[in-house]
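Structure file coords-v3.cif with mmCIF, C-alpha atoms:
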```cif
data_query
#
loop_
_atom_site.label_atom_id
_atom_site.label_comp_id
_atom_site.auth_asym_id
_atom_site.auth_seq_id
_atom_site.Cartn_x
_atom_site.Cartn_y
_atom_site.Cartn_z
CA MET A 1 166.51 73.58 43.35
CA ASP A 2 164.90 76.92 42.87
CA LYS A 3 161.87 76.81 45.05
CA SER A 4 161.19 74.84 48.17
CA SER A 5 160.58 71.21 47.36
CA THR A 6 157.06 71.61 48.70
CA THR A 7 155.85 73.09 45.37
CA VAL A 8 153.02 70.77 44.44
CA ILE A 9 153.13 69.23 41.01
CA ALA A 10 149.75 69.80 39.43
CA GLU A 11 147.37 66.96 38.61
CA LEU A 12 146.24 67.36 35.05
CA SER A 13 143.50 65.85 32.92
CA PRO A 14 144.33 64.58 29.41
CA LEU A 15 142.73 67.71 27.93
CA ASP A 16 144.78 69.94 30.26
CA LYS A 17 147.97 68.22 29.16
CA ALA A 18 147.08 68.47 25.50
CA LEU A 19 146.29 72.19 25.90
CA ILE A 20 149.54 72.90 27.73
CA ASN A 21 151.56 71.07 25.10
CA LEU A 22 149.77 72.67 22.16
CA LEU A 23 149.56 76.24 23.44
CA GLN A 24 153.25 76.49 24.32
CA HIS A 25 153.86 76.50 20.57
CA GLY A 26 151.46 79.33 20.00
CA LEU A 27 147.93 80.11 19.02
CA PRO A 28 146.64 80.98 15.55
CA VAL A 29 145.95 84.70 15.08
CA CYS A 30 142.27 84.67 14.10
CA GLU A 31 138.94 85.79 15.50
CA ARG A 32 138.11 82.60 17.39
CA PRO A 33 141.43 80.88 18.15
CA PHE A 34 140.01 78.56 20.82
CA GLU A 35 137.47 77.16 18.39
CA GLN A 36 140.35 76.08 16.13
CA ILE A 37 142.24 74.61 19.08
CA ALA A 38 139.10 72.73 20.16
CA GLN A 39 138.75 71.16 16.70
CA GLU A 40 142.33 69.94 16.81
CA LEU A 41 141.75 68.37 20.22
CA ASN A 42 138.28 66.93 19.58
CA SER A 43 136.82 69.21 22.21
CA THR A 44 134.55 72.24 22.24
CA GLU A 45 135.36 75.94 22.41
CA GLU A 46 133.57 76.26 25.80
CA GLU A 47 135.44 73.33 27.28
CA VAL A 48 138.83 74.64 26.09
CA ILE A 49 138.12 78.10 27.51
CA GLU A 50 136.94 76.66 30.82
CA HIS A 51 140.00 74.42 31.22
CA LEU A 52 142.43 77.18 30.27
CA ASN A 53 140.92 79.58 32.78
CA GLN A 54 141.20 76.90 35.47
CA LEU A 55 144.85 76.29 34.55
CA LEU A 56 145.54 80.03 34.90
CA GLU A 57 143.67 80.22 38.18
CA SER A 58 145.58 77.29 39.66
CA LYS A 59 148.79 78.92 38.33
CA VAL A 60 149.76 75.91 36.21
CA LEU A 61 149.91 78.50 33.45
CA SER A 62 151.62 81.65 34.58
CA ARG A 63 150.47 83.70 31.65
CA PHE A 64 148.51 83.63 28.43
CA GLY A 65 148.95 86.20 25.67
CA PRO A 66 151.48 87.79 23.33
CA MET A 67 155.12 87.04 24.13
CA PHE A 68 156.89 90.31 23.47
CA ASP A 69 160.56 90.66 22.70
CA ALA A 70 161.73 92.39 25.91
CA ALA A 71 163.87 94.81 23.89
CA CYS A 72 160.79 96.15 22.11
CA LEU A 73 159.35 97.28 25.41
CA GLY A 74 162.10 99.88 25.39
CA GLY A 75 165.03 100.30 27.69
CA ALA A 76 168.27 98.45 28.21
CA PHE A 77 169.14 95.16 29.90
CA THR A 78 172.14 93.30 31.09
CA LEU A 79 173.01 90.18 33.03
CA ALA A 80 175.62 90.81 35.71
CA ALA A 81 177.27 88.84 38.50
CA LEU A 82 179.15 89.24 41.74
CA SER A 83 181.48 86.94 43.60
CA VAL A 84 180.23 87.47 47.14
CA PRO A 85 182.07 86.19 50.24
CA GLU A 86 179.75 83.86 52.15
CA LYS A 87 179.84 85.95 55.32
CA ASP A 88 178.63 89.03 53.40
CA PHE A 89 175.98 87.29 51.32
CA LYS A 90 172.94 88.56 53.20
CA ARG A 91 174.15 92.15 53.31
CA VAL A 92 175.09 92.20 49.61
CA THR A 93 171.73 90.63 48.64
CA GLU A 94 169.95 93.48 50.41
CA GLN A 95 172.21 96.08 48.84
CA VAL A 96 171.78 94.74 45.30
CA ASN A 97 168.02 94.13 45.63
CA SER A 98 167.52 97.67 46.94
CA PHE A 99 167.97 98.98 43.39
CA GLU A 100 164.60 99.07 41.67
CA GLN A 101 166.44 98.40 38.38
CA ILE A 102 167.26 94.85 39.52
CA ALA A 103 164.58 92.69 37.91
CA HIS A 104 165.78 89.19 38.83
CA ASN A 105 168.46 88.01 41.19
CA TYR A 106 169.52 84.38 41.67
CA ARG A 107 171.99 82.68 43.92
CA ARG A 108 174.06 80.17 41.94
CA ASP A 109 176.63 77.58 42.93
CA HIS A 110 179.82 79.07 41.50
CA ALA A 111 182.57 81.46 42.58
CA TYR A 112 180.33 84.06 40.89
CA ASN A 113 177.47 83.21 43.20
CA MET A 114 175.05 86.09 42.59
CA TRP A 115 173.52 86.67 39.13
CA PHE A 116 171.08 89.47 38.42
CA VAL A 117 169.33 91.20 35.52
CA ILE A 118 169.53 94.99 35.43
CA ALA A 119 166.67 96.59 33.48
CA THR A 120 166.78 100.35 32.89
CA GLU A 121 165.56 103.06 30.56
CA SER A 122 168.98 103.56 28.94
CA GLN A 123 172.45 102.10 28.52
CA GLU A 124 173.83 105.04 30.51
CA GLU A 125 171.65 104.13 33.47
CA ILE A 126 172.97 100.53 33.34
CA ASN A 127 176.50 101.85 33.80
CA GLN A 128 175.38 104.09 36.67
CA VAL A 129 173.67 101.22 38.47
CA ILE A 130 176.78 99.04 38.08
CA GLU A 131 178.98 101.82 39.50
CA LYS A 132 176.65 102.33 42.44
CA ILE A 133 176.54 98.58 43.18
CA GLU A 134 180.35 98.51 43.16
CA GLU A 135 180.50 101.51 45.51
CA LYS A 136 177.97 100.04 47.91
CA THR A 137 179.26 96.47 48.00
CA HIS A 138 183.00 97.09 47.42
CA LEU A 139 182.86 94.21 44.94
CA SER A 140 183.64 94.19 41.25
CA VAL A 141 180.65 93.54 38.95
CA LEU A 142 181.00 91.06 36.08
CA ASN A 143 178.92 92.64 33.31
CA THR A 144 177.77 90.28 30.54
CA PRO A 145 175.28 92.10 28.27
CA LYS A 146 173.90 90.01 25.43
CA LEU A 147 175.83 90.35 22.18
CA GLU A 148 173.58 88.01 20.25
CA GLU A 149 170.36 86.25 21.10
CA PHE A 150 169.25 82.98 19.52
CA TYR A 151 165.70 81.87 18.98
CA VAL A 152 164.93 79.03 21.36
CA GLY A 153 162.83 75.95 20.94
CA LEU A 154 161.92 75.47 24.60
CA TYR A 155 159.12 72.97 25.03
CA LEU A 156 158.11 71.50 28.38
CA PRO A 157 155.99 68.47 27.52
CA VAL A 158 153.57 67.06 30.11
CA MET B 1 168.87 82.63 12.77
CA SER B 2 170.00 85.08 15.33
CA VAL B 3 167.63 87.78 16.40
CA SER B 4 168.77 91.21 15.36
CA THR B 5 168.71 93.60 18.24
CA PHE B 6 165.54 95.62 18.18
CA GLN B 7 166.42 99.27 18.26
CA SER B 8 163.60 100.76 20.24
CA GLU B 9 162.31 101.94 16.88
CA ALA B 10 159.52 104.45 16.96
CA LEU B 11 156.36 102.62 17.87
CA THR B 12 153.17 104.43 17.00
CA SER B 13 150.93 105.57 19.81
CA LEU B 14 148.45 102.81 18.92
CA GLU B 15 151.21 100.19 19.00
CA ARG B 16 152.31 101.31 22.46
CA GLN B 17 148.71 101.18 23.67
CA TYR B 18 148.41 97.63 22.30
CA ILE B 19 151.56 96.57 24.20
CA LEU B 20 150.46 98.24 27.45
CA LEU B 21 147.06 96.60 27.21
CA THR B 22 148.27 93.07 26.48
CA GLN B 23 151.66 92.73 28.17
CA ASN B 24 150.04 91.28 31.29
CA GLY B 25 148.09 88.81 29.18
CA LEU B 26 144.90 88.37 27.19
CA PRO B 27 141.55 87.29 28.63
CA ILE B 28 140.69 83.69 27.75
CA VAL B 29 137.37 84.31 26.05
CA ALA B 30 135.90 83.18 22.73
CA LYS B 31 136.94 86.36 20.92
CA PRO B 32 140.09 87.75 22.58
CA TYR B 33 140.89 90.10 19.68
CA HIS B 34 137.45 91.66 19.93
CA TRP B 35 138.29 92.48 23.54
CA ILE B 36 141.44 94.31 22.36
CA ALA B 37 139.45 96.04 19.62
CA THR B 38 136.90 97.35 22.10
CA GLN B 39 139.59 98.58 24.48
CA LEU B 40 141.57 100.33 21.73
CA GLU B 41 138.46 101.55 19.91
CA ILE B 42 139.52 100.09 16.59
CA SER B 43 138.09 97.29 14.44
CA VAL B 44 138.91 93.64 15.03
CA GLU B 45 140.36 93.50 11.50
CA GLU B 46 142.82 96.23 12.50
CA VAL B 47 143.72 94.33 15.66
CA LEU B 48 144.39 91.11 13.72
CA ALA B 49 146.46 93.00 11.13
CA LEU B 50 148.48 94.77 13.83
CA THR B 51 149.08 91.48 15.66
CA LYS B 52 150.35 89.80 12.49
CA ASP B 53 152.51 92.82 11.72
CA PHE B 54 154.02 92.66 15.22
CA GLN B 55 154.81 88.98 14.63
CA GLU B 56 156.49 89.70 11.31
CA ARG B 57 158.62 92.43 12.90
CA GLY B 58 159.66 90.11 15.75
CA ILE B 59 158.05 92.34 18.37
CA ILE B 60 155.60 89.56 19.26
CA ARG B 61 157.27 86.14 19.20
CA ARG B 62 154.04 84.21 19.46
CA ILE B 63 150.65 84.24 21.18
CA ALA B 64 151.09 81.46 23.68
CA ALA B 65 150.50 79.99 27.09
CA VAL B 66 153.47 80.05 29.45
CA PRO B 67 153.47 77.13 31.86
CA ASN B 68 154.81 77.42 35.38
CA HIS B 69 157.91 75.20 35.25
CA TYR B 70 157.57 74.12 38.86
CA LYS B 71 153.93 73.07 38.66
CA LEU B 72 154.75 70.83 35.72
CA GLY B 73 157.55 69.22 37.70
CA TYR B 74 160.43 71.04 35.96
CA LYS B 75 162.09 72.03 39.21
CA PHE B 76 165.70 72.04 38.10
CA ASN B 77 167.46 74.59 35.97
CA GLY B 78 171.06 75.09 35.07
CA MET B 79 172.80 78.02 33.44
CA THR B 80 175.28 76.22 31.19
CA VAL B 81 178.21 78.37 30.05
CA TRP B 82 180.65 77.55 27.26
CA ASP B 83 183.95 78.87 25.96
CA ILE B 84 183.64 78.40 22.22
CA ASN B 85 185.57 79.49 19.19
CA ASP B 86 184.42 83.02 18.21
CA GLU B 87 184.38 82.34 14.48
CA GLN B 88 181.93 79.48 14.95
CA ALA B 89 179.91 81.07 17.75
CA LEU B 90 176.89 82.20 15.69
CA LYS B 91 176.45 78.86 13.97
CA PHE B 92 176.78 76.79 17.13
CA GLY B 93 174.79 79.18 19.33
CA ASN B 94 171.95 78.86 16.90
CA ALA B 95 172.11 75.05 17.06
CA VAL B 96 172.10 75.04 20.86
CA GLY B 97 169.08 77.37 20.98
CA GLN B 98 167.08 74.88 18.94
CA LEU B 99 167.31 72.14 21.57
CA ARG B 100 163.90 71.76 23.17
CA PHE B 101 165.17 71.98 26.75
CA VAL B 102 166.93 75.35 26.25
CA SER B 103 164.90 78.39 27.33
CA HIS B 104 167.45 81.17 26.76
CA CYS B 105 170.54 81.21 24.59
CA TYR B 106 172.91 84.15 24.24
CA LEU B 107 176.42 85.16 23.26
CA ARG B 108 177.93 87.38 25.95
CA PRO B 109 181.37 88.98 26.36
CA ARG B 110 184.23 87.14 28.08
CA HIS B 111 186.11 88.83 30.90
CA LEU B 112 189.48 87.06 30.94
CA PRO B 113 191.03 85.63 32.95
CA ASN B 114 188.24 84.97 35.44
CA TRP B 115 185.31 84.58 33.07
CA ASN B 116 186.16 82.87 29.78
CA TYR B 117 182.64 81.80 28.72
CA ASN B 118 180.97 83.43 25.72
CA LEU B 119 177.89 81.22 25.17
CA PHE B 120 175.13 80.91 27.78
CA ALA B 121 172.27 78.39 27.52
CA MET B 122 169.65 77.89 30.23
CA VAL B 123 168.34 74.31 30.57
CA HIS B 124 165.30 72.99 32.44
CA GLY B 125 164.55 69.48 33.67
CA LYS B 126 162.63 67.38 36.15
CA THR B 127 165.64 65.96 37.95
CA GLN B 128 169.25 66.89 38.64
CA GLN B 129 170.24 63.91 36.51
CA GLU B 130 168.18 65.17 33.60
CA ILE B 131 169.85 68.58 33.52
CA GLN B 132 173.26 66.86 33.72
CA GLN B 133 172.25 64.85 30.64
CA PHE B 134 171.19 68.03 28.85
CA ARG B 135 174.55 69.56 29.63
CA SER B 136 176.24 66.46 28.16
CA GLN B 137 174.11 66.71 25.03
CA ILE B 138 175.18 70.33 24.53
CA LYS B 139 178.79 69.35 25.17
CA GLU B 140 178.57 66.70 22.47
CA LEU B 141 177.16 69.26 20.06
CA LEU B 142 179.91 71.79 20.85
CA LYS B 143 182.87 69.38 21.15
CA GLU B 144 184.66 70.60 18.01
CA VAL B 145 184.51 74.27 18.99
CA LEU B 146 185.28 74.23 22.73
CA VAL B 147 188.36 76.31 23.56
CA THR B 148 191.16 74.97 25.77
CA ARG B 149 193.11 77.60 27.70
CA GLU B 150 196.20 77.58 29.88
CA ASP B 151 195.67 78.87 33.43
CA ASP B 152 197.06 82.30 34.17
CA VAL B 153 198.99 82.51 37.44
CA SER B 154 197.07 85.63 38.52
CA GLN B 155 193.63 84.10 38.35
CA SER B 156 191.64 82.89 41.31
CA ILE B 157 189.27 80.59 39.42
CA PRO B 158 190.72 77.71 37.35
CA THR B 159 189.82 77.79 33.66
CA ARG B 160 187.46 75.18 32.22
CA SER B 161 185.92 74.98 28.79
CA ASN B 162 182.40 74.80 30.23
CA ASP B 163 180.43 74.83 33.45
CA MET B 164 176.86 74.64 34.74
CA LEU B 165 175.64 77.04 37.42
CA THR B 166 172.51 75.76 39.12
CA SER B 167 170.37 78.18 41.03
CA THR B 168 170.06 77.52 44.72
CA GLN B 169 167.78 80.41 45.65
CA ILE B 170 165.65 83.12 44.04
CA LEU B 171 166.79 86.37 45.67
CA LYS B 172 164.46 88.67 43.70
CA LYS B 173 162.01 88.25 40.83
CA THR B 174 159.93 90.95 39.19
CA GLY B 175 158.49 91.17 35.69
CA LEU B 176 159.83 93.29 32.84
CA ARG B 177 157.20 95.75 31.74
CA LEU B 178 156.76 98.66 29.38
CA LYS B 179 156.40 101.62 31.70
CA ARG B 180 153.34 103.82 31.36
CA LYS B 181 155.44 106.95 31.47
CA ALA B 182 157.11 105.76 28.27
CA VAL B 183 153.85 106.39 26.44
CA SER B 184 153.85 109.75 24.78
#
```

Go through the file and emit its structure as structure tokens.
Amino acid sequence: MDKSSTTVIAELSPLDKALINLLQHGLPVCERPFEQIAQELNSTEEEVIEHLNQLLESKVLSRFGPMFDAACLGGAFTLAALSVPEKDFKRVTEQVNSFEQIAHNYRRDHAYNMWFVIATESQEEINQVIEKIEEKTHLSVLNTPKLEEFYVGLYLPV
Amino acid sequence: MSVSTFQSEALTSLERQYILLTQNGLPIVAKPYHWIATQLEISVEEVLALTKDFQERGIIRRIAAVPNHYKLGYKFNGMTVWDINDEQALKFGNAVGQLRFVSHCYLRPRHLPNWNYNLFAMVHGKTQQEIQQFRSQIKELLKEVLVTREDDVSQSIPTRSNDMLTSTQILKKTGLRLKRKAVS
């Protein structure tokens, strides 16, 4: 489990659920998108806007807006991993996280037990960060940059 | 369809300003594109045209709400990894990406002998059992193309055709952002 099991599952009204389900798929690009959404859900523009703002405020929605392809924001990315001896795990976590280029880092249950995303301005900088991590930790980095990305159909129905 | 890698093609100054303004989200108001228009000092028609153009170029995937997995009860995730036949990898990677419980799907390089997996698919579910079922569904889909390998004496990790790595702790999490200094 990723977060402590104390994370509270949100209580949602039928309109909240319908909005979450519908808006994961995307919003029409037009002047008054929430008016269109309201018509589909037999609601009003004001009510839709009010509920969505509440969902954002209570962090049921983490974000609303354009989903950009990360690559278009410029820079280079890779996913990399380390196989860290248990006794060194805390030290290596601190060493790896100390690089500002590390965007995400997860512990996973595998011989490769530390997986992190390196985000930099250039491919060259990716290689430099990997070299520095290897120097600091005395461990060999498994570098798995994406070769191909597939469109995904993720949908989390509520 | 696979997504062709976006070569950080020259974005116009206006396009960069649009991304900087909206990458943290849009206000939920009756006319969100008017808000962008005011900020960028262009007409709402131009904003709508630019947004549609971004969508056509794959720079914007969609305008959407992103739910917090945990708050909706999706507390479990697994990084499923697969060793599949290279010739069939594009076709089958595409099929796996279309499953509704997959949030990321990539081909990545193998590093033999210790890392033989070339397809990665992240799955999300409400229970441990559910993500195990998702893994089984992917396995069923990939059964014809899974690679079987002999173990090499030098390797420390035994070879399997697939695995699922569940996360046990978030060690660091920050957002990916276009940096202001990148604006010329």

Contact set, chain A to chain B: 7 Å, only C-alpha atoms, as a PDB file with C-alpha atoms, keeping the file's coordinate frame:
```pdb
ATOM      1  CA  MET A   1     166.510  73.580  43.350  1.00  0.00           C
ATOM      2  CA  ASP A   2     164.900  76.920  42.870  1.00  0.00           C
ATOM      3  CA  LYS A   3     161.870  76.810  45.050  1.00  0.00           C
ATOM      4  CA  THR A   7     155.850  73.090  45.370  1.00  0.00           C
ATOM      5  CA  VAL A   8     153.020  70.770  44.440  1.00  0.00           C
ATOM      6  CA  ILE A   9     153.130  69.230  41.010  1.00  0.00           C
ATOM      7  CA  ALA A  10     149.750  69.800  39.430  1.00  0.00           C
ATOM      8  CA  LEU A  23     149.560  76.240  23.440  1.00  0.00           C
ATOM      9  CA  GLN A  24     153.250  76.490  24.320  1.00  0.00           C
ATOM     10  CA  HIS A  25     153.860  76.500  20.570  1.00  0.00           C
ATOM     11  CA  GLY A  26     151.460  79.330  20.000  1.00  0.00           C
ATOM     12  CA  LEU A  27     147.930  80.110  19.020  1.00  0.00           C
ATOM     13  CA  VAL A  29     145.950  84.700  15.080  1.00  0.00           C
ATOM     14  CA  CYS A  30     142.270  84.670  14.100  1.00  0.00           C
ATOM     15  CA  GLU A  31     138.940  85.790  15.500  1.00  0.00           C
ATOM     16  CA  ARG A  32     138.110  82.600  17.390  1.00  0.00           C
ATOM     17  CA  PHE A  34     140.010  78.560  20.820  1.00  0.00           C
ATOM     18  CA  ILE A  49     138.120  78.100  27.510  1.00  0.00           C
ATOM     19  CA  ASN A  53     140.920  79.580  32.780  1.00  0.00           C
ATOM     20  CA  LYS A  59     148.790  78.920  38.330  1.00  0.00           C
ATOM     21  CA  VAL A  60     149.760  75.910  36.210  1.00  0.00           C
ATOM     22  CA  LEU A  61     149.910  78.500  33.450  1.00  0.00           C
ATOM     23  CA  SER A  62     151.620  81.650  34.580  1.00  0.00           C
ATOM     24  CA  ARG A  63     150.470  83.700  31.650  1.00  0.00           C
ATOM     25  CA  PHE A  64     148.510  83.630  28.430  1.00  0.00           C
ATOM     26  CA  GLY A  65     148.950  86.200  25.670  1.00  0.00           C
ATOM     27  CA  PRO A  66     151.480  87.790  23.330  1.00  0.00           C
ATOM     28  CA  MET A  67     155.120  87.040  24.130  1.00  0.00           C
ATOM     29  CA  PHE A  68     156.890  90.310  23.470  1.00  0.00           C
ATOM     30  CA  ASP A  69     160.560  90.660  22.700  1.00  0.00           C
ATOM     31  CA  ALA A  71     163.870  94.810  23.890  1.00  0.00           C
ATOM     32  CA  CYS A  72     160.790  96.150  22.110  1.00  0.00           C
ATOM     33  CA  LEU A  73     159.350  97.280  25.410  1.00  0.00           C
ATOM     34  CA  GLY A  74     162.100  99.880  25.390  1.00  0.00           C
ATOM     35  CA  ASN A  97     168.020  94.130  45.630  1.00  0.00           C
ATOM     36  CA  ALA A 103     164.580  92.690  37.910  1.00  0.00           C
ATOM     37  CA  HIS A 104     165.780  89.190  38.830  1.00  0.00           C
ATOM     38  CA  ASN A 105     168.460  88.010  41.190  1.00  0.00           C
ATOM     39  CA  TYR A 106     169.520  84.380  41.670  1.00  0.00           C
ATOM     40  CA  ARG A 107     171.990  82.680  43.920  1.00  0.00           C
ATOM     41  CA  ARG A 108     174.060  80.170  41.940  1.00  0.00           C
ATOM     42  CA  ASP A 109     176.630  77.580  42.930  1.00  0.00           C
ATOM     43  CA  HIS A 110     179.820  79.070  41.500  1.00  0.00           C
ATOM     44  CA  THR A 144     177.770  90.280  30.540  1.00  0.00           C
ATOM     45  CA  PRO A 145     175.280  92.100  28.270  1.00  0.00           C
ATOM     46  CA  LYS A 146     173.900  90.010  25.430  1.00  0.00           C
ATOM     47  CA  LEU A 147     175.830  90.350  22.180  1.00  0.00           C
ATOM     48  CA  GLU A 148     173.580  88.010  20.250  1.00  0.00           C
ATOM     49  CA  GLU A 149     170.360  86.250  21.100  1.00  0.00           C
ATOM     50  CA  PHE A 150     169.250  82.980  19.520  1.00  0.00           C
ATOM     51  CA  TYR A 151     165.700  81.870  18.980  1.00  0.00           C
ATOM     52  CA  VAL A 152     164.930  79.030  21.360  1.00  0.00           C
ATOM     53  CA  GLY A 153     162.830  75.950  20.940  1.00  0.00           C
ATOM     54  CA  LEU A 154     161.920  75.470  24.600  1.00  0.00           C
ATOM     55  CA  TYR A 155     159.120  72.970  25.030  1.00  0.00           C
ATOM     56  CA  VAL A 158     153.570  67.060  30.110  1.00  0.00           C
TER      57      VAL A 158
END
```

Requested in this report: Would you work out the distance separating CA of Leu139 (chain A) from CA of Lys90 (chain A), expressed in Å to one decimal?
Outcome: 14.1 Å

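Of note, CA of Asp88 (chain A) and CA of Val81 (chain B) are spaced 25.7 Å apart.
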
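Between CA of Glu125 (chain A) and CA of Leu142 (chain A) the interatomic distance comes to 16.3 Å.
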
**Report entry** Residues selected by the PyMOL selection byres ((chain A and resi 52) around 9), written as JSON, numbers by chain
**Finding:** {"A": [16, 19, 20, 47, 48, 49, 50, 51, 53, 54, 55, 56, 57, 61], "B": [28]}

Report task. Starting from the displayed file, determine the output of the PyMOL selection byres ((chain B and resi 85) around 8) and express the residue list as a list of chain:residue names. Result -> B:Asp83, B:Ile84, B:Asp86, B:Glu87, B:Gln88, B:Ala89, B:Val145, B:Leu146, B:Val147

Where is the centre and how long are the edges: axis-aligned box on region 78-96 of chain B, 6 Å on each side, Å to one decimal, as JSON:
```
{"center_x": 178.3, "center_y": 79.0, "center_z": 24.5, "size_x": 26.5, "size_y": 20.0, "size_z": 33.1}
```

Query - Top pick for closest residue to Ala70 (chain A), considering A:Thr120, A:Gln36, A:Ser13, A:Gln128 and counting only C-alpha atoms - result: A:Thr120

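Nearest to Ile130 (chain A) of all the residues A:Tyr112, A:Val92, A:Thr78, A:Pro85 is A:Thr78, based on all atoms listed in the file.
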
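Candidate residues A:Glu35, A:Glu46, A:Glu11, A:Glu86 were compared for distance to Ser58 (chain A), and the nearest is A:Glu11, using all atoms listed in the file.
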
Requested in this report: For the structure shown, which residues end up in the PyMOL selection byres ((chain A and resi 140) around 9)? Put them as a PyMOL selection string, please?
Outcome: chain A and resi 81-83+130+133-134+137-139+141-142
